[in-house]
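Participant: For reference, the file target_21.csv (CSV, C-alpha atoms) is included below:
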```
chain,number,residue,atom,x,y,z
S,25,MET,CA,-6.9,-33.6,13.1
S,26,ARG,CA,-7.5,-31.2,15.9
S,27,VAL,CA,-7.2,-27.4,15.4
S,28,GLU,CA,-7.3,-25.1,18.4
S,29,GLY,CA,-7.6,-21.3,18.2
S,30,LEU,CA,-5.6,-21.1,15.0
S,31,SER,CA,-4.7,-17.6,13.9
S,32,LYS,CA,-2.5,-16.0,11.2
S,33,LYS,CA,-1.9,-12.3,10.5
S,34,PHE,CA,-0.2,-10.7,7.5
S,35,CYS,CA,1.1,-7.2,6.9
S,36,LYS,CA,-0.1,-5.2,3.9
S,37,ASP,CA,3.3,-3.4,3.4
S,38,LEU,CA,6.5,-5.3,2.5
S,39,LYS,CA,9.0,-3.0,4.3
S,40,THR,CA,6.8,-2.9,7.4
S,41,SER,CA,6.5,-6.7,7.3
S,42,LEU,CA,10.3,-7.1,7.2
S,43,TRP,CA,10.7,-4.8,10.1
S,44,TYR,CA,8.0,-6.7,12.1
S,45,GLY,CA,9.8,-9.9,11.2
S,46,VAL,CA,13.0,-8.6,12.8
S,47,LYS,CA,11.1,-7.5,15.9
S,48,ASP,CA,9.4,-10.8,16.2
S,49,LEU,CA,12.7,-12.7,16.1
S,50,TRP,CA,13.9,-10.6,19.0
S,51,SER,CA,10.6,-11.0,20.8
S,52,GLY,CA,10.9,-14.8,20.4
S,53,VAL,CA,14.3,-14.7,22.0
S,54,THR,CA,13.2,-12.5,25.0
S,55,GLY,CA,9.8,-14.2,25.3
S,56,ASN,CA,7.9,-10.9,25.1
S,57,LYS,CA,6.0,-11.7,21.9
S,58,ASN,CA,2.3,-10.8,21.9
S,59,GLU,CA,0.9,-12.9,19.1
S,60,ARG,CA,-2.7,-11.9,19.6
S,61,LEU,CA,-2.4,-8.2,19.0
S,62,LEU,CA,-2.5,-6.5,15.5
S,63,ARG,CA,0.1,-3.8,14.7
S,64,ASP,CA,-0.2,-1.0,12.2
S,65,LYS,CA,-1.0,-2.2,8.6
S,66,GLU,CA,-1.6,-5.8,9.8
S,67,PHE,CA,-4.8,-7.8,9.4
S,68,TRP,CA,-6.0,-11.3,10.4
S,69,ALA,CA,-6.0,-13.7,7.4
S,70,VAL,CA,-7.2,-16.5,9.8
S,71,LYS,CA,-8.6,-15.7,13.3
S,72,ASP,CA,-9.5,-18.2,16.1
S,73,ILE,CA,-10.4,-21.2,13.9
S,74,SER,CA,-11.1,-24.5,15.9
S,75,PHE,CA,-12.4,-27.9,14.8
S,76,THR,CA,-11.9,-31.6,15.2
S,77,LEU,CA,-12.0,-33.9,12.2
S,78,ARG,CA,-11.9,-37.8,12.4
S,79,ARG,CA,-11.7,-40.6,9.9
S,80,GLY,CA,-14.8,-40.9,7.9
S,81,GLU,CA,-15.7,-37.2,8.2
S,82,CYS,CA,-15.5,-34.6,5.4
S,83,LEU,CA,-15.2,-30.9,6.3
S,84,GLY,CA,-16.4,-28.4,3.7
S,85,LEU,CA,-14.5,-25.1,3.8
S,86,ILE,CA,-16.4,-22.4,1.9
S,87,GLY,CA,-16.3,-18.6,1.5
S,88,HIS,CA,-15.7,-15.9,-1.0
S,89,ASN,CA,-12.2,-15.2,-2.5
S,90,GLY,CA,-9.9,-13.7,0.2
S,91,ALA,CA,-11.9,-15.2,3.1
S,92,GLY,CA,-8.8,-17.1,4.4
S,93,LYS,CA,-9.4,-20.6,3.1
S,94,SER,CA,-6.1,-21.1,1.3
S,95,THR,CA,-4.2,-19.6,4.2
S,96,LEU,CA,-5.8,-22.0,6.6
S,97,LEU,CA,-5.0,-25.0,4.3
S,98,LYS,CA,-1.3,-23.9,4.1
S,99,ILE,CA,-1.1,-23.8,7.9
S,100,LEU,CA,-2.7,-27.3,8.1
S,101,ASN,CA,-0.3,-28.7,5.5
S,102,GLY,CA,2.7,-27.1,7.3
S,103,LEU,CA,3.7,-24.7,4.6
S,104,ILE,CA,3.4,-21.7,6.9
S,105,ASN,CA,3.4,-21.3,10.6
S,106,PRO,CA,0.5,-19.9,12.6
S,107,ASP,CA,0.9,-16.8,14.8
S,108,ALA,CA,-1.3,-18.4,17.5
S,109,GLY,CA,-3.1,-21.7,18.1
S,110,LYS,CA,-2.1,-25.3,17.6
S,111,VAL,CA,-2.7,-28.0,15.0
S,112,THR,CA,-2.5,-31.7,16.0
S,113,ILE,CA,-2.5,-34.3,13.2
S,114,LYS,CA,-2.2,-38.0,13.6
S,115,GLY,CA,-1.2,-39.7,10.4
S,116,ARG,CA,0.0,-38.9,6.9
S,117,VAL,CA,-1.3,-35.8,5.1
S,118,GLY,CA,-2.0,-35.7,1.4
S,119,ALA,CA,-2.7,-32.2,0.0
S,120,LEU,CA,-3.9,-30.7,-3.3
S,121,ILE,CA,-3.9,-27.0,-2.4
S,122,GLU,CA,-2.4,-25.4,-5.5
S,123,LEU,CA,-2.0,-26.4,-9.1
S,124,GLY,CA,1.3,-28.3,-9.4
S,125,ALA,CA,2.2,-27.8,-5.8
S,126,GLY,CA,4.7,-30.3,-4.6
S,127,PHE,CA,5.9,-31.2,-8.1
S,128,ASN,CA,9.4,-30.5,-9.4
S,129,PRO,CA,8.8,-29.1,-12.8
S,130,ILE,CA,12.0,-30.3,-14.4
S,131,LEU,CA,11.5,-33.9,-13.2
S,132,SER,CA,9.2,-36.4,-15.0
S,133,GLY,CA,5.8,-37.4,-13.8
S,134,ARG,CA,7.2,-40.8,-12.7
S,135,GLU,CA,10.1,-39.2,-10.7
S,136,ASN,CA,7.6,-36.8,-9.0
S,137,ILE,CA,5.5,-39.8,-7.9
S,138,TYR,CA,8.5,-41.3,-6.1
S,139,ASN,CA,9.3,-37.9,-4.6
S,140,ASN,CA,5.8,-37.3,-3.3
S,141,GLY,CA,5.6,-40.9,-2.0
S,142,ALA,CA,8.8,-40.5,-0.1
S,143,ILE,CA,7.6,-37.2,1.5
S,144,LEU,CA,4.5,-39.1,2.6
S,145,GLY,CA,6.7,-41.7,4.3
S,146,PHE,CA,6.4,-44.6,1.8
S,147,THR,CA,9.4,-46.8,1.0
S,148,ARG,CA,10.4,-47.3,-2.6
S,149,LYS,CA,9.0,-50.8,-2.6
S,150,GLU,CA,5.6,-49.5,-1.5
S,151,ILE,CA,5.6,-46.9,-4.2
S,152,ASP,CA,6.6,-49.5,-6.8
S,153,ASN,CA,3.5,-51.5,-5.8
S,154,LYS,CA,1.3,-48.5,-6.3
S,155,LEU,CA,3.0,-46.9,-9.3
S,156,ASP,CA,0.9,-48.7,-12.0
S,157,HIS,CA,-2.4,-47.8,-10.3
S,158,ILE,CA,-1.4,-44.1,-9.9
S,159,ILE,CA,-0.4,-43.8,-13.6
S,160,ALA,CA,-3.6,-45.6,-14.8
S,161,PHE,CA,-5.8,-43.4,-12.5
S,162,ALA,CA,-4.1,-40.3,-13.9
S,163,GLU,CA,-4.5,-41.5,-17.5
S,164,LEU,CA,-1.0,-40.4,-18.2
S,165,GLU,CA,0.6,-43.6,-19.5
S,166,GLU,CA,2.0,-41.9,-22.7
S,167,PHE,CA,3.3,-38.9,-20.9
S,168,ILE,CA,4.5,-40.2,-17.5
S,169,ASP,CA,8.2,-39.8,-18.5
S,170,MET,CA,7.7,-36.2,-19.8
S,171,PRO,CA,8.8,-33.3,-17.6
S,172,VAL,CA,5.9,-32.0,-15.5
S,173,GLN,CA,6.6,-28.4,-16.7
S,174,ASN,CA,5.2,-29.5,-20.1
S,175,TYR,CA,2.0,-30.8,-18.6
S,176,SER,CA,-1.3,-29.0,-19.0
S,177,SER,CA,-3.2,-27.8,-16.0
S,178,GLY,CA,-5.6,-30.8,-16.3
S,179,MET,CA,-2.7,-33.3,-16.5
S,180,LYS,CA,-1.1,-31.8,-13.3
S,181,VAL,CA,-4.4,-32.1,-11.5
S,182,ARG,CA,-4.8,-35.7,-12.6
S,183,LEU,CA,-1.3,-36.6,-11.4
S,184,GLY,CA,-1.6,-34.7,-8.2
S,185,PHE,CA,-4.9,-36.3,-7.2
S,186,ALA,CA,-3.8,-39.7,-8.3
S,187,VAL,CA,-0.8,-39.5,-6.0
S,188,ALA,CA,-2.7,-38.1,-3.1
S,189,ALA,CA,-5.6,-40.6,-3.3
S,190,GLN,CA,-3.8,-43.8,-4.3
S,191,MET,CA,-1.3,-43.3,-1.5
S,192,GLU,CA,-4.3,-43.4,0.9
S,193,PRO,CA,-3.3,-40.7,3.3
S,194,ASP,CA,-4.9,-40.4,6.8
S,195,VAL,CA,-5.8,-36.8,6.1
S,196,LEU,CA,-6.6,-35.6,2.5
S,197,ILE,CA,-6.8,-31.8,1.8
S,198,ILE,CA,-8.4,-30.8,-1.5
S,199,ASP,CA,-8.5,-27.2,-2.6
S,200,GLU,CA,-10.4,-25.8,-5.6
S,201,VAL,CA,-8.0,-27.6,-8.0
S,202,LEU,CA,-10.6,-30.1,-9.0
S,203,ALA,CA,-12.4,-27.3,-10.8
S,204,VAL,CA,-9.7,-27.6,-13.5
S,205,GLY,CA,-10.5,-31.2,-14.3
S,206,ASP,CA,-13.0,-32.4,-16.9
S,207,LEU,CA,-16.3,-33.9,-15.8
S,208,GLY,CA,-15.2,-37.5,-16.3
S,209,PHE,CA,-12.2,-37.1,-14.1
S,210,VAL,CA,-14.1,-35.2,-11.5
S,211,LEU,CA,-16.7,-38.0,-11.2
S,212,LYS,CA,-13.8,-40.5,-10.9
S,213,CYS,CA,-12.3,-38.4,-8.1
S,214,PHE,CA,-15.6,-38.4,-6.3
S,215,LYS,CA,-15.9,-42.1,-6.6
S,216,THR,CA,-12.3,-42.5,-5.2
S,217,ILE,CA,-13.1,-40.1,-2.3
S,218,ASP,CA,-16.2,-42.1,-1.5
S,219,THR,CA,-14.0,-45.3,-1.4
S,220,ILE,CA,-11.2,-43.9,0.9
S,221,LEU,CA,-13.4,-41.7,3.1
S,222,PRO,CA,-14.1,-44.4,5.7
S,223,ARG,CA,-10.4,-44.5,6.4
S,224,THR,CA,-9.5,-40.9,5.8
S,225,ALA,CA,-10.4,-37.4,7.2
S,226,VAL,CA,-11.1,-35.1,4.2
S,227,ILE,CA,-11.0,-31.3,4.1
S,228,PHE,CA,-12.7,-30.1,0.9
S,229,VAL,CA,-12.6,-26.5,-0.4
S,230,SER,CA,-14.8,-25.5,-3.3
S,231,HIS,CA,-16.9,-22.7,-4.7
S,232,SER,CA,-19.3,-25.4,-6.2
S,233,MET,CA,-22.0,-25.8,-3.5
S,234,PRO,CA,-23.4,-29.0,-5.2
S,235,MET,CA,-20.0,-30.6,-4.7
S,236,VAL,CA,-19.9,-29.5,-1.1
S,237,SER,CA,-23.4,-30.7,-0.4
S,238,ARG,CA,-22.6,-34.1,-2.0
S,239,MET,CA,-19.4,-34.8,0.0
S,240,CYS,CA,-19.4,-33.0,3.3
S,241,ASN,CA,-21.0,-33.7,6.7
S,242,GLN,CA,-19.4,-30.6,8.4
S,243,ILE,CA,-19.0,-27.1,7.1
S,244,ILE,CA,-17.2,-23.9,8.0
S,245,LEU,CA,-18.2,-20.7,6.2
S,246,MET,CA,-15.3,-18.2,6.4
S,247,GLU,CA,-15.5,-14.5,6.0
S,248,ASN,CA,-12.6,-12.1,6.6
S,249,GLY,CA,-10.6,-14.8,8.3
S,250,ILE,CA,-13.2,-15.8,10.9
S,251,ALA,CA,-15.8,-18.7,11.0
S,252,LYS,CA,-19.1,-16.9,10.2
S,253,TYR,CA,-20.8,-20.3,10.5
S,254,GLN,CA,-19.6,-23.7,11.7
S,255,GLY,CA,-21.5,-26.9,12.3
S,256,GLU,CA,-23.0,-30.1,10.9
S,257,ASP,CA,-26.0,-28.3,9.1
S,258,VAL,CA,-24.3,-28.2,5.7
S,259,ALA,CA,-27.4,-26.7,4.0
S,260,LYS,CA,-27.5,-23.8,6.5
S,261,GLY,CA,-23.9,-22.9,5.8
S,262,ILE,CA,-24.5,-23.1,2.0
S,263,ASP,CA,-27.6,-20.8,2.3
S,264,LEU,CA,-25.6,-18.3,4.3
S,265,TYR,CA,-22.9,-18.4,1.5
S,266,TYR,CA,-25.5,-17.7,-1.2
S,267,ALA,CA,-27.2,-15.0,0.9
S,268,ARG,CA,-24.1,-12.8,0.6
S,269,PHE,CA,-24.5,-12.7,-3.2
S,270,ILE,CA,-28.2,-12.3,-3.5
S,271,ASN,CA,-29.5,-8.9,-4.7
S,272,ASN,CA,-32.4,-7.6,-6.7
S,273,GLU,CA,-30.5,-5.2,-8.9
S,274,THR,CA,-31.5,-5.6,-12.5
S,275,ASN,CA,-29.1,-6.1,-15.3
S,276,THR,CA,-30.4,-4.9,-18.6
S,277,VAL,CA,-28.4,-6.6,-21.4
S,278,PHE,CA,-30.4,-5.2,-24.4
S,279,ASP,CA,-33.0,-2.5,-24.7
S,280,ASP,CA,-34.2,-0.9,-28.0
S,281,GLY,CA,-36.2,1.7,-26.1
S,282,SER,CA,-39.7,0.4,-26.9
S,283,ILE,CA,-40.7,-1.1,-23.6
S,284,CYS,CA,-39.3,-1.2,-20.1
S,285,LEU,CA,-39.9,-3.5,-17.1
S,286,VAL,CA,-41.5,-1.6,-14.3
S,287,GLU,CA,-42.4,-4.3,-11.8
S,288,VAL,CA,-41.9,-8.1,-11.1
S,289,GLN,CA,-43.7,-9.9,-8.2
S,290,LEU,CA,-44.1,-13.4,-7.0
S,291,LEU,CA,-47.7,-13.8,-5.8
S,292,ASP,CA,-48.7,-16.0,-2.9
S,293,PRO,CA,-51.0,-18.7,-4.5
S,294,ASN,CA,-53.5,-18.4,-1.6
S,295,THR,CA,-53.6,-14.6,-1.0
S,296,ASN,CA,-52.3,-13.2,-4.2
S,297,GLN,CA,-50.1,-10.9,-2.1
S,298,PRO,CA,-46.4,-10.2,-3.1
S,299,THR,CA,-43.9,-12.5,-1.5
S,300,ASN,CA,-40.3,-13.8,-2.0
S,301,GLN,CA,-40.9,-17.3,-0.8
S,302,LEU,CA,-42.8,-20.2,-2.2
S,303,ASP,CA,-43.5,-23.7,-0.7
S,304,TRP,CA,-42.5,-26.7,-2.8
S,305,GLY,CA,-45.5,-28.0,-4.6
S,306,ALA,CA,-47.4,-24.7,-4.6
S,307,ASP,CA,-48.4,-22.9,-7.7
S,308,LEU,CA,-45.9,-20.4,-9.2
S,309,LYS,CA,-47.5,-17.1,-10.0
S,310,LEU,CA,-45.4,-14.4,-11.5
S,311,TYR,CA,-46.7,-10.9,-12.1
S,312,PHE,CA,-45.1,-8.6,-14.7
S,313,ARG,CA,-45.8,-5.0,-15.6
S,314,PHE,CA,-44.2,-3.4,-18.6
S,315,LYS,CA,-44.4,0.3,-19.7
S,316,ILE,CA,-44.7,1.1,-23.5
S,317,ASP,CA,-42.2,3.9,-24.3
S,318,LYS,CA,-42.6,3.7,-28.1
S,319,GLU,CA,-45.7,2.7,-30.0
S,320,ILE,CA,-45.7,-1.0,-31.0
S,321,ASP,CA,-48.3,-2.8,-33.1
S,322,GLU,CA,-48.4,-6.1,-31.4
S,323,VAL,CA,-48.0,-7.8,-28.0
S,324,PRO,CA,-44.5,-9.1,-27.8
S,325,VAL,CA,-43.5,-12.7,-27.1
S,326,PHE,CA,-42.2,-13.1,-23.5
S,327,ASN,CA,-39.7,-15.6,-22.4
S,328,VAL,CA,-38.9,-16.2,-18.7
S,329,ILE,CA,-35.9,-18.4,-17.8
S,330,LEU,CA,-35.3,-19.7,-14.2
S,331,PHE,CA,-31.7,-19.9,-12.9
S,332,ASP,CA,-30.6,-21.8,-9.8
S,333,LYS,CA,-28.2,-20.4,-7.2
S,334,GLU,CA,-25.3,-21.7,-9.2
S,335,GLN,CA,-26.6,-19.5,-12.1
S,336,ARG,CA,-27.3,-22.6,-14.2
S,337,PRO,CA,-30.5,-22.3,-16.4
S,338,VAL,CA,-32.8,-25.0,-15.0
S,339,ALA,CA,-36.2,-24.2,-16.7
S,340,ILE,CA,-38.0,-22.0,-19.2
S,341,LEU,CA,-41.6,-21.0,-18.9
S,342,ARG,CA,-43.6,-21.6,-22.1
S,343,GLU,CA,-43.9,-18.4,-24.1
S,344,ASN,CA,-47.3,-16.7,-24.7
S,345,ASP,CA,-49.0,-17.7,-27.9
S,346,VAL,CA,-51.8,-16.2,-30.0
S,347,ASN,CA,-54.5,-17.4,-27.6
S,348,ALA,CA,-52.9,-15.7,-24.5
S,349,GLU,CA,-55.2,-13.0,-23.2
S,350,ILE,CA,-52.5,-10.3,-23.0
S,351,LYS,CA,-53.4,-6.7,-24.1
S,352,ILE,CA,-51.8,-3.3,-24.3
S,353,LYS,CA,-53.8,-1.0,-22.1
S,354,ASN,CA,-53.0,2.6,-21.1
S,355,ASN,CA,-49.5,2.2,-22.6
S,356,GLU,CA,-48.8,-0.8,-20.3
S,357,ILE,CA,-48.7,-4.5,-20.5
S,358,LYS,CA,-49.7,-6.5,-17.4
S,359,PHE,CA,-49.9,-10.2,-17.1
S,360,VAL,CA,-49.5,-13.2,-14.7
S,361,ILE,CA,-47.7,-16.4,-15.6
S,362,ARG,CA,-48.8,-19.4,-13.7
S,363,HIS,CA,-47.1,-22.8,-13.4
S,364,ASN,CA,-49.0,-25.4,-11.3
S,365,LYS,CA,-47.2,-27.3,-8.5
S,366,ILE,CA,-43.6,-26.2,-8.8
S,367,GLN,CA,-41.1,-29.0,-8.1
S,368,LEU,CA,-37.9,-27.1,-8.0
S,369,SER,CA,-35.9,-28.3,-5.0
S,370,LYS,CA,-35.2,-26.1,-2.0
S,371,GLY,CA,-33.1,-23.1,-2.8
S,372,ILE,CA,-32.7,-19.7,-4.3
S,373,TYR,CA,-33.7,-19.0,-7.9
S,374,SER,CA,-33.5,-16.0,-10.2
S,375,LEU,CA,-35.4,-14.9,-13.3
S,376,ASN,CA,-34.2,-13.6,-16.7
S,377,VAL,CA,-36.9,-12.1,-18.9
S,378,SER,CA,-36.9,-11.1,-22.6
S,379,ALA,CA,-39.4,-9.8,-25.0
S,380,ASN,CA,-39.3,-10.2,-28.8
S,381,TYR,CA,-41.5,-9.0,-31.7
S,382,LYS,CA,-43.9,-11.7,-32.6
S,383,SER,CA,-43.7,-11.1,-36.3
S,384,ASN,CA,-40.0,-11.3,-36.9
S,385,ASN,CA,-38.6,-12.4,-33.5
S,386,ALA,CA,-36.5,-9.2,-33.3
S,387,PRO,CA,-35.5,-8.5,-29.7
S,388,LEU,CA,-37.1,-5.7,-27.7
S,389,ILE,CA,-35.6,-6.0,-24.3
S,390,ARG,CA,-33.6,-8.6,-22.3
S,391,ILE,CA,-33.0,-8.3,-18.5
S,392,ASN,CA,-30.9,-10.7,-16.4
S,393,ASN,CA,-31.6,-11.3,-12.7
S,394,CYS,CA,-34.7,-9.2,-12.6
S,395,PHE,CA,-36.1,-11.0,-9.6
S,396,THR,CA,-35.0,-13.5,-7.0
S,397,PHE,CA,-37.2,-15.9,-4.9
S,398,GLN,CA,-36.8,-18.9,-2.6
S,399,VAL,CA,-38.4,-22.3,-2.7
S,400,LEU,CA,-39.0,-23.8,0.7
S,401,HIS,CA,-38.9,-27.5,1.7
S,402,ASN,CA,-37.7,-29.5,4.7
S,403,LYS,CA,-35.3,-31.6,2.6
S,404,ASP,CA,-32.0,-30.3,1.3
S,405,VAL,CA,-30.9,-31.8,-2.1
S,406,TRP,CA,-28.4,-30.4,-4.5
S,407,GLN,CA,-30.3,-31.6,-7.6
S,408,PRO,CA,-32.3,-28.7,-9.1
S,409,PHE,CA,-35.6,-30.7,-9.1
S,410,LEU,CA,-37.3,-32.7,-6.3
S,411,LEU,CA,-40.0,-34.5,-8.3
S,412,ASP,CA,-43.2,-35.7,-6.6
S,413,SER,CA,-43.7,-39.4,-6.8
S,414,GLU,CA,-45.8,-42.3,-5.5
S,415,TYR,CA,-44.6,-45.8,-4.4
S,416,GLN,CA,-46.8,-48.8,-4.9
S,417,SER,CA,-46.3,-52.4,-3.9
S,418,VAL,CA,-46.4,-54.9,-6.8
```
Please go through the file and, once you have read it, give me the structure as structure tokens.
Facilitator:
Amino acid sequence: MRVEGLSKKFCKDLKTSLWYGVKDLWSGVTGNKNERLLRDKEFWAVKDISFTLRRGECLGLIGHNGAGKSTLLKILNGLINPDAGKVTIKGRVGALIELGAGFNPILSGRENIYNNGAILGFTRKEIDNKLDHIIAFAELEEFIDMPVQNYSSGMKVRLGFAVAAQMEPDVLIIDEVLAVGDLGFVLKCFKTIDTILPRTAVIFVSHSMPMVSRMCNQIILMENGIAKYQGEDVAKGIDLYYARFINNETNTVFDDGSICLVEVQLLDPNTNQPTNQLDWGADLKLYFRFKIDKEIDEVPVFNVILFDKEQRPVAILRENDVNAEIKIKNNEIKFVIRHNKIQLSKGIYSLNVSANYKSNNAPLIRINNCFTFQVLHNKDVWQPFLLDSEYQSV
């Protein structure tokens, strides 16, 4: 697949869009069409996208909602025409770009398999040979003769992927539809993609960066229709994607008015100076300062939970016990939590903190995303932990 200077613009107003359509028809006849200029109320959904993708390569297409990913996929699949640029594809294209796309809802699953196979250019005999494998992969043996309109979203995804993968297209386009499937089916899809990838060029769109990191060897980060980053450094593209969502605004979920969080800092293990970055394997030192607004009789129990960039809870720091040297002084509580030799993998992490009464465990305060920091390492892995280890010959 070769994409050269691909652009597509849309109009925000229906009536204006219809008028522009009439003018474009006339411009196409006279040859005066200027496809690179925006008119009033128009915007670029895709602007000057270029790349080359060969067999054995997987391109990750990432970006926030409305960045232009789905529009680009529809152009690549031939569903809409670009305003500028050119797409050259050698081979058959299999696409999963929308839930149930390409299926006739009143036909059965079996009939839709034959329809999709015919569109891809397979003969009926070739489809007959693959039919049992497709049905078995989709796990729809009992429901294959039921109309697709009665399928659940997960069943549609299973059937769509089974057709697209088992037909072994030369180019496979996968949008976010895999997010609908259960974990077992998603793992089976990944295994299938790993199997067909040496013979197939894959374009993969997802908001799950671990999935992108696992599959892709090229990446395009789209924003407002343009490629904000493009290259083979997948980790860099993912970091830029996450950077757009990082902020240090606190989110107080519960507060009974007794105490408030005044300050959170990550301390450099060597200098004790505030920082936002920590080397893998260094000591994690977190400084907290709470202000007492109402008199309390005891030092609360503090819980600190670490979340990764996917907002999954990956660890909790052990709470303070009766032996912890934490005191209330001048209506403030100050303390440092230390964890030796942190082994979280490279990435961005955030903190949730809560405080409870020690006597009855009643909540005092709970704050989400009170602080964000980065763990540095030269190796990019999508697993949350990179554990230190030694290898010995035996």
Participant: Could you tell me which of S:Val399, S:Ile243, S:Leu211, S:Ala108 comes closest to S:Leu61 if we count all atoms listed in the file?
Facilitator: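 Answer, going by the shortest atom-to-atom distance: S:Ala108.
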Participant: So what do you get for atom CA of S:Ile137 versus atom CA of S:Arg182, distance-wise?
Facilitator: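 Distance between the two atoms: 12.0 Å.
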Participant: Counting all atoms listed in the file, note down every residue that has an atom within 6 Å of the point (-26.2, -23.5, -5.9) (file coordinates), as a ChimeraX atom specification.
Facilitator: /S:233,333-334
Participant: Stretch 375-378 of chain S: which residues within 6 Å, counting all atoms listed in the file, same-chain residues fewer than 3 positions away excluded, as a PyMOL selection string?
Facilitator: chain S and resi 326-330+389-395
Participant: Could you list, as a list in words, every residue within 12 Å of S:Asp280, counting all atoms listed in the file and ignoring same-chain residues fewer than 6 positions away?
Facilitator: Ile316, Asp317, Lys318, Ile320, Ser378, Ala379, Asn380, Tyr381, Ala386, Pro387, Leu388, Ile389 and Arg390 of chain S
Participant: Quick one: of S:Cys35, S:Leu77, S:Ile283, S:Leu97, who's nearest to S:Val229, counting all atoms listed in the file?
Facilitator: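 Using all atoms listed in the file, S:Val229 sits closest to S:Leu97.
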Participant: Give me the residues near S:Leu183 as a PyMOL selection string, where near means some atom within 12 Å (using all atoms listed in the file) and where sequence neighbours in that chain fewer than 5 positions away do not count.
Facilitator: chain S and resi 120+123-127+132-137+140+155+157-165+167-168+172+175-178+188-191+201-202+205+209+213
